[in-house]
Amino acid sequence: MSYADTMAALNDHRARIAPLRAEMRSLQAQVEPQEAQDYLLAGWDGPVRLSELFGDKRDLILIHNMGAGCSSCTMWADGYNGIHHHIADRTAFVISSPDAPAAQKKFAEGRGWKFPMVSHRGPTFAADMGFRTPEGKWWPGISAFKREGNKIFRVSDTKLGPYDDFNAAWHMFDMLPGDTVTKLLASGE
């Protein structure tokens with residue numbers, strides 16, 4: 001297929017994505033929130049409740065990260081670091097992983113991460129949110145919460161994985177020849 005024909009076909013596919021995203025936003029606006037417990041998690045300075053992660057914001061975006069051993073989770077977090085100041089203007093933003101707080105802090109400092117982190121190892125938080133399998137495997141994802149008075153509600157969640165919409169690198173790699181993402185995943189980078 002010629003370059004022009006290929007680009008025309010790709011642009012046609014991209015144009016069909018916009019209406020689908022509009023449908024998704026419409027569905028999201030209709031969600032019936034799911035009440036969540038005020039879980040006790042481990043912060044860098046000691047125990048912290050889910051409700052405290054909101055700070056002075058009504059909304060909270062919480063990333064379910066698999067920890068320092070997951071190269072993809074690290075790449076996502078590197079990307080969030082770059083846009084953290086934009087997100088933090090609108091909503092509270094926290095990354096949660098099973099790593100111990102001291103290990104999180106050391107790893108985050110080494111990468112220059114600016115966002116807060118908490119550990120979900122111990123409580124049933126990750127499992128209750130759908131990000132831990134019955135066999136004990138962690139899954140990466142995102143949960144969005146809102147706070148109304150003393151109540152916390154989850155208003156959305158999604159799993160993360162290759163080609164998702166939350167990591168710009170996947171889509172840039174798609175523009176390269178060959179199967180760059182598959183090779184990247186196989187190499188463990």
# chains A, B, ... in the order shown; residues from 1 in each chain; ligands from 1
$ select_by_dssp --residues "stretch 36-111 of chain A" --states "strand (DSSP E)" --output "list in words"
Ala36, Leu40, Leu41, Ala42, Gly43, Gly46, Pro47, Val48, Arg49, Asp59, Leu60, Ile61, Leu62, Ile63, His64, Ala92, Phe93, Val94, Ile95, Ser96 and Ser97 of chain A
$ closest_atom_pairs --of "stretch 74-108 of chain A" --to "stretch 118-123 of chain A" --cutoff "8 Å" --atoms "only C-alpha atoms" --output "Markdown table"
| residue | atom | partner | partner_atom | distance |
| --- | --- | --- | --- | --- |
| A:Val94 | CA | A:Val118 | CA | 7.3 |
| A:Ile95 | CA | A:Val118 | CA | 6.4 |
| A:Ser96 | CA | A:Val118 | CA | 4.8 |
| A:Ser97 | CA | A:Ser119 | CA | 5.1 |
| A:Pro98 | CA | A:Arg121 | CA | 4.5 |
| A:Asp99 | CA | A:Ser119 | CA | 6.0 |
| A:Ala100 | CA | A:Ser119 | CA | 6.0 |
| A:Pro101 | CA | A:Ser119 | CA | 6.0 |
$ write_last_selection --atoms "N, CA and C atoms" --output "tab-separated table (two decimals), in the first residue's frame"
chain	number	residue	atom	x	y	z
A	94	VAL	N	-2.80	10.25	43.01
A	94	VAL	CA	-1.94	9.41	43.85
A	94	VAL	C	-1.65	8.12	43.11
A	95	ILE	N	-0.45	7.61	43.29
A	95	ILE	CA	-0.12	6.28	42.80
A	95	ILE	C	-0.04	5.34	43.98
A	96	SER	N	-0.69	4.19	43.84
A	96	SER	CA	-0.72	3.16	44.86
A	96	SER	C	-0.02	1.91	44.30
A	97	SER	N	0.87	1.34	45.08
A	97	SER	CA	1.53	0.10	44.66
A	97	SER	C	1.68	-0.82	45.87
A	98	PRO	N	2.04	-2.08	45.63
A	98	PRO	CA	2.24	-3.00	46.75
A	98	PRO	C	3.60	-2.83	47.43
A	99	ASP	N	4.47	-2.00	46.87
A	99	ASP	CA	5.79	-1.80	47.46
A	99	ASP	C	5.67	-1.10	48.81
A	100	ALA	N	6.59	-1.39	49.70
A	100	ALA	CA	6.65	-0.74	51.01
A	100	ALA	C	6.93	0.75	50.81
A	101	PRO	N	6.41	1.61	51.68
A	101	PRO	CA	6.61	3.05	51.51
A	101	PRO	C	8.07	3.46	51.36
$ residues_around --residues "stretch 14-30 of chain A" --least-positions-apart "6" --cutoff "12 Å" --atoms "only C-alpha atoms" --output "list in words"
Met7, Ala8, Ala144, Arg154, Val155, Ser156, Asp157, Thr158, Asp165 and His171 of chain A
$ closest_residue --among "A:Lys146, A:Arg58, A:Lys151, A:His64" --to "A:Trp76" --atoms "only C-alpha atoms"
A:His64
$ atom_distance --atom1 "atom CA of A:Leu176" --atom2 "atom CA of A:Pro162"
15.4 Å
$ residues_around --residues "stretch 81-85 of chain A" --least-positions-apart "3" --cutoff "8 Å" --atoms "only C-alpha atoms" --output "PyMOL selection string"
chain A and resi 77-78+88-89+93+113-115
$ write_last_selection --atoms "all heavy atoms" --output "PDB file, in the first residue's frame"
ATOM      1  N   ALA A  77       4.168   5.727  34.955  1.00  0.00           N
ATOM      2  CA  ALA A  77       4.413   6.712  36.009  1.00  0.00           C
ATOM      3  C   ALA A  77       5.350   7.817  35.528  1.00  0.00           C
ATOM      4  O   ALA A  77       5.151   8.985  35.867  1.00  0.00           O
ATOM      5  CB  ALA A  77       4.969   6.029  37.258  1.00  0.00           C
ATOM      6  N   ASP A  78       6.350   7.477  34.726  1.00  0.00           N
ATOM      7  CA  ASP A  78       7.210   8.516  34.165  1.00  0.00           C
ATOM      8  C   ASP A  78       6.374   9.510  33.360  1.00  0.00           C
ATOM      9  O   ASP A  78       6.597  10.718  33.426  1.00  0.00           O
ATOM     10  CB  ASP A  78       8.287   7.908  33.270  1.00  0.00           C
ATOM     11  CG  ASP A  78       9.397   7.198  34.035  1.00  0.00           C
ATOM     12  OD1 ASP A  78       9.555   7.440  35.249  1.00  0.00           O
ATOM     13  OD2 ASP A  78      10.116   6.404  33.399  1.00  0.00           O
ATOM     14  N   ALA A  88      -2.964  17.938  38.900  1.00  0.00           N
ATOM     15  CA  ALA A  88      -3.108  18.381  40.292  1.00  0.00           C
ATOM     16  C   ALA A  88      -3.852  19.707  40.410  1.00  0.00           C
ATOM     17  O   ALA A  88      -4.377  20.018  41.482  1.00  0.00           O
ATOM     18  CB  ALA A  88      -1.736  18.482  40.947  1.00  0.00           C
ATOM     19  N   ASP A  89      -3.926  20.480  39.335  1.00  0.00           N
ATOM     20  CA  ASP A  89      -4.730  21.705  39.359  1.00  0.00           C
ATOM     21  C   ASP A  89      -6.221  21.388  39.445  1.00  0.00           C
ATOM     22  O   ASP A  89      -6.997  22.189  39.940  1.00  0.00           O
ATOM     23  CB  ASP A  89      -4.479  22.554  38.104  1.00  0.00           C
ATOM     24  CG  ASP A  89      -3.190  23.338  38.182  1.00  0.00           C
ATOM     25  OD1 ASP A  89      -2.624  23.475  39.284  1.00  0.00           O
ATOM     26  OD2 ASP A  89      -2.752  23.816  37.122  1.00  0.00           O
ATOM     27  N   PHE A  93      -4.258  13.388  42.919  1.00  0.00           N
ATOM     28  CA  PHE A  93      -3.656  12.333  42.103  1.00  0.00           C
ATOM     29  C   PHE A  93      -2.655  11.577  42.965  1.00  0.00           C
ATOM     30  O   PHE A  93      -1.779  12.183  43.586  1.00  0.00           O
ATOM     31  CB  PHE A  93      -2.947  12.950  40.896  1.00  0.00           C
ATOM     32  CG  PHE A  93      -2.292  11.941  39.995  1.00  0.00           C
ATOM     33  CD1 PHE A  93      -3.017  11.342  38.979  1.00  0.00           C
ATOM     34  CD2 PHE A  93      -0.962  11.602  40.160  1.00  0.00           C
ATOM     35  CE1 PHE A  93      -2.411  10.417  38.133  1.00  0.00           C
ATOM     36  CE2 PHE A  93      -0.347  10.673  39.329  1.00  0.00           C
ATOM     37  CZ  PHE A  93      -1.078  10.084  38.310  1.00  0.00           C
ATOM     38  N   TRP A 113      10.108  11.518  40.454  1.00  0.00           N
ATOM     39  CA  TRP A 113       8.648  11.619  40.469  1.00  0.00           C
ATOM     40  C   TRP A 113       8.196  12.669  41.475  1.00  0.00           C
ATOM     41  O   TRP A 113       8.737  12.768  42.575  1.00  0.00           O
ATOM     42  CB  TRP A 113       8.022  10.275  40.798  1.00  0.00           C
ATOM     43  CG  TRP A 113       8.186   9.247  39.703  1.00  0.00           C
ATOM     44  CD1 TRP A 113       8.573   9.462  38.408  1.00  0.00           C
ATOM     45  CD2 TRP A 113       7.973   7.845  39.815  1.00  0.00           C
ATOM     46  NE1 TRP A 113       8.610   8.281  37.712  1.00  0.00           N
ATOM     47  CE2 TRP A 113       8.243   7.270  38.553  1.00  0.00           C
ATOM     48  CE3 TRP A 113       7.576   7.024  40.854  1.00  0.00           C
ATOM     49  CZ2 TRP A 113       8.127   5.911  38.309  1.00  0.00           C
ATOM     50  CZ3 TRP A 113       7.458   5.664  40.614  1.00  0.00           C
ATOM     51  CH2 TRP A 113       7.723   5.113  39.355  1.00  0.00           C
ATOM     52  N   LYS A 114       7.158  13.410  41.104  1.00  0.00           N
ATOM     53  CA  LYS A 114       6.656  14.523  41.922  1.00  0.00           C
ATOM     54  C   LYS A 114       5.343  14.210  42.638  1.00  0.00           C
ATOM     55  O   LYS A 114       4.926  14.954  43.501  1.00  0.00           O
ATOM     56  CB  LYS A 114       6.454  15.751  41.031  1.00  0.00           C
ATOM     57  CG  LYS A 114       7.706  16.191  40.323  1.00  0.00           C
ATOM     58  CD  LYS A 114       7.392  17.240  39.276  1.00  0.00           C
ATOM     59  CE  LYS A 114       8.621  17.485  38.428  1.00  0.00           C
ATOM     60  NZ  LYS A 114       8.318  18.139  37.183  1.00  0.00           N
ATOM     61  N   PHE A 115       4.676  13.155  42.246  1.00  0.00           N
ATOM     62  CA  PHE A 115       3.351  12.853  42.784  1.00  0.00           C
ATOM     63  C   PHE A 115       3.438  12.037  44.069  1.00  0.00           C
ATOM     64  O   PHE A 115       4.421  11.354  44.311  1.00  0.00           O
ATOM     65  CB  PHE A 115       2.513  12.104  41.746  1.00  0.00           C
ATOM     66  CG  PHE A 115       3.279  11.033  41.027  1.00  0.00           C
ATOM     67  CD1 PHE A 115       3.598   9.833  41.639  1.00  0.00           C
ATOM     68  CD2 PHE A 115       3.708  11.239  39.728  1.00  0.00           C
ATOM     69  CE1 PHE A 115       4.317   8.866  40.988  1.00  0.00           C
ATOM     70  CE2 PHE A 115       4.435  10.267  39.056  1.00  0.00           C
ATOM     71  CZ  PHE A 115       4.739   9.079  39.690  1.00  0.00           C
TER      72      PHE A 115
END
$ decode --residues "stretch 16-28 of chain A" --atoms "all heavy atoms" --output "mmCIF file, in the first residue's frame"
data_model
loop_
_atom_site.group_PDB
_atom_site.id
_atom_site.type_symbol
_atom_site.label_atom_id
_atom_site.label_comp_id
_atom_site.auth_asym_id
_atom_site.auth_seq_id
_atom_site.Cartn_x
_atom_site.Cartn_y
_atom_site.Cartn_z
ATOM 1 N N ARG A 16 -12.779 7.841 13.176
ATOM 2 C CA ARG A 16 -13.868 7.045 13.747
ATOM 3 C C ARG A 16 -13.729 6.896 15.264
ATOM 4 O O ARG A 16 -14.693 6.537 15.947
ATOM 5 C CB ARG A 16 -13.917 5.675 13.068
ATOM 6 C CG ARG A 16 -14.340 5.792 11.607
ATOM 7 C CD ARG A 16 -14.708 4.473 10.959
ATOM 8 N NE ARG A 16 -13.972 3.333 11.437
ATOM 9 C CZ ARG A 16 -13.215 2.537 10.682
ATOM 10 N NH1 ARG A 16 -13.086 2.774 9.408
ATOM 11 N NH2 ARG A 16 -12.603 1.502 11.202
ATOM 12 N N ILE A 17 -12.556 7.164 15.801
ATOM 13 C CA ILE A 17 -12.345 7.058 17.250
ATOM 14 C C ILE A 17 -13.034 8.207 17.995
ATOM 15 O O ILE A 17 -13.579 8.009 19.079
ATOM 16 C CB ILE A 17 -10.833 7.007 17.571
ATOM 17 C CG1 ILE A 17 -10.250 5.681 17.072
ATOM 18 C CG2 ILE A 17 -10.580 7.183 19.062
ATOM 19 C CD1 ILE A 17 -8.729 5.603 17.145
ATOM 20 N N ALA A 18 -13.040 9.406 17.442
ATOM 21 C CA ALA A 18 -13.610 10.583 18.123
ATOM 22 C C ALA A 18 -15.069 10.383 18.534
ATOM 23 O O ALA A 18 -15.426 10.649 19.688
ATOM 24 C CB ALA A 18 -13.436 11.827 17.274
ATOM 25 N N PRO A 19 -15.958 9.914 17.645
ATOM 26 C CA PRO A 19 -17.345 9.699 18.072
ATOM 27 C C PRO A 19 -17.470 8.611 19.150
ATOM 28 O O PRO A 19 -18.319 8.707 20.042
ATOM 29 C CB PRO A 19 -18.072 9.259 16.791
ATOM 30 C CG PRO A 19 -17.214 9.729 15.667
ATOM 31 C CD PRO A 19 -15.809 9.726 16.194
ATOM 32 N N LEU A 20 -16.630 7.607 19.080
ATOM 33 C CA LEU A 20 -16.654 6.560 20.105
ATOM 34 C C LEU A 20 -16.257 7.143 21.462
ATOM 35 O O LEU A 20 -16.873 6.835 22.480
ATOM 36 C CB LEU A 20 -15.709 5.423 19.712
ATOM 37 C CG LEU A 20 -15.670 4.210 20.628
ATOM 38 C CD1 LEU A 20 -17.051 3.598 20.803
ATOM 39 C CD2 LEU A 20 -14.699 3.176 20.094
ATOM 40 N N ARG A 21 -15.263 8.017 21.491
ATOM 41 C CA ARG A 21 -14.877 8.671 22.744
ATOM 42 C C ARG A 21 -16.024 9.539 23.277
ATOM 43 O O ARG A 21 -16.237 9.600 24.487
ATOM 44 C CB ARG A 21 -13.624 9.518 22.543
ATOM 45 C CG ARG A 21 -12.384 8.698 22.380
ATOM 46 C CD ARG A 21 -11.162 9.607 22.435
ATOM 47 N NE ARG A 21 -9.952 8.892 22.159
ATOM 48 C CZ ARG A 21 -9.330 8.108 23.018
ATOM 49 N NH1 ARG A 21 -9.808 7.950 24.216
ATOM 50 N NH2 ARG A 21 -8.223 7.490 22.690
ATOM 51 N N ALA A 22 -16.745 10.195 22.400
ATOM 52 C CA ALA A 22 -17.898 11.001 22.828
ATOM 53 C C ALA A 22 -18.961 10.101 23.466
ATOM 54 O O ALA A 22 -19.549 10.458 24.496
ATOM 55 C CB ALA A 22 -18.477 11.772 21.647
ATOM 56 N N GLU A 23 -19.201 8.932 22.891
ATOM 57 C CA GLU A 23 -20.138 7.978 23.486
ATOM 58 C C GLU A 23 -19.658 7.530 24.863
ATOM 59 O O GLU A 23 -20.457 7.397 25.798
ATOM 60 C CB GLU A 23 -20.293 6.742 22.585
ATOM 61 C CG GLU A 23 -21.147 6.941 21.366
ATOM 62 C CD GLU A 23 -21.279 5.640 20.578
ATOM 63 O OE1 GLU A 23 -21.587 4.599 21.192
ATOM 64 O OE2 GLU A 23 -21.062 5.688 19.346
ATOM 65 N N MET A 24 -18.370 7.295 24.982
ATOM 66 C CA MET A 24 -17.816 6.858 26.267
ATOM 67 C C MET A 24 -17.977 7.949 27.321
ATOM 68 O O MET A 24 -18.334 7.660 28.463
ATOM 69 C CB MET A 24 -16.338 6.477 26.097
ATOM 70 C CG MET A 24 -16.142 5.211 25.273
ATOM 71 S SD MET A 24 -14.421 4.886 24.820
ATOM 72 C CE MET A 24 -13.707 4.542 26.416
ATOM 73 N N ARG A 25 -17.732 9.215 26.959
ATOM 74 C CA ARG A 25 -17.913 10.315 27.917
ATOM 75 C C ARG A 25 -19.381 10.423 28.332
ATOM 76 O O ARG A 25 -19.693 10.695 29.492
ATOM 77 C CB ARG A 25 -17.416 11.630 27.314
ATOM 78 C CG ARG A 25 -15.900 11.756 27.308
ATOM 79 C CD ARG A 25 -15.437 13.152 26.936
ATOM 80 N NE ARG A 25 -15.856 13.578 25.621
ATOM 81 C CZ ARG A 25 -15.238 13.303 24.473
ATOM 82 N NH1 ARG A 25 -14.135 12.592 24.483
ATOM 83 N NH2 ARG A 25 -15.705 13.746 23.331
ATOM 84 N N SER A 26 -20.292 10.200 27.397
ATOM 85 C CA SER A 26 -21.722 10.244 27.708
ATOM 86 C C SER A 26 -22.095 9.139 28.704
ATOM 87 O O SER A 26 -22.830 9.377 29.665
ATOM 88 C CB SER A 26 -22.542 10.103 26.428
ATOM 89 O OG SER A 26 -23.913 10.078 26.719
ATOM 90 N N LEU A 27 -21.598 7.935 28.475
ATOM 91 C CA LEU A 27 -21.852 6.832 29.412
ATOM 92 C C LEU A 27 -21.254 7.144 30.783
ATOM 93 O O LEU A 27 -21.886 6.895 31.808
ATOM 94 C CB LEU A 27 -21.255 5.528 28.884
ATOM 95 C CG LEU A 27 -22.062 4.798 27.832
ATOM 96 C CD1 LEU A 27 -21.243 3.646 27.252
ATOM 97 C CD2 LEU A 27 -23.367 4.282 28.421
ATOM 98 N N GLN A 28 -20.041 7.674 30.804
ATOM 99 C CA GLN A 28 -19.391 8.016 32.067
ATOM 100 C C GLN A 28 -20.226 9.013 32.860
ATOM 101 O O GLN A 28 -20.341 8.918 34.078
ATOM 102 C CB GLN A 28 -17.987 8.583 31.809
ATOM 103 C CG GLN A 28 -17.231 8.924 33.064
ATOM 104 C CD GLN A 28 -16.967 7.717 33.938
ATOM 105 O OE1 GLN A 28 -16.417 6.726 33.486
ATOM 106 N NE2 GLN A 28 -17.347 7.791 35.195
#
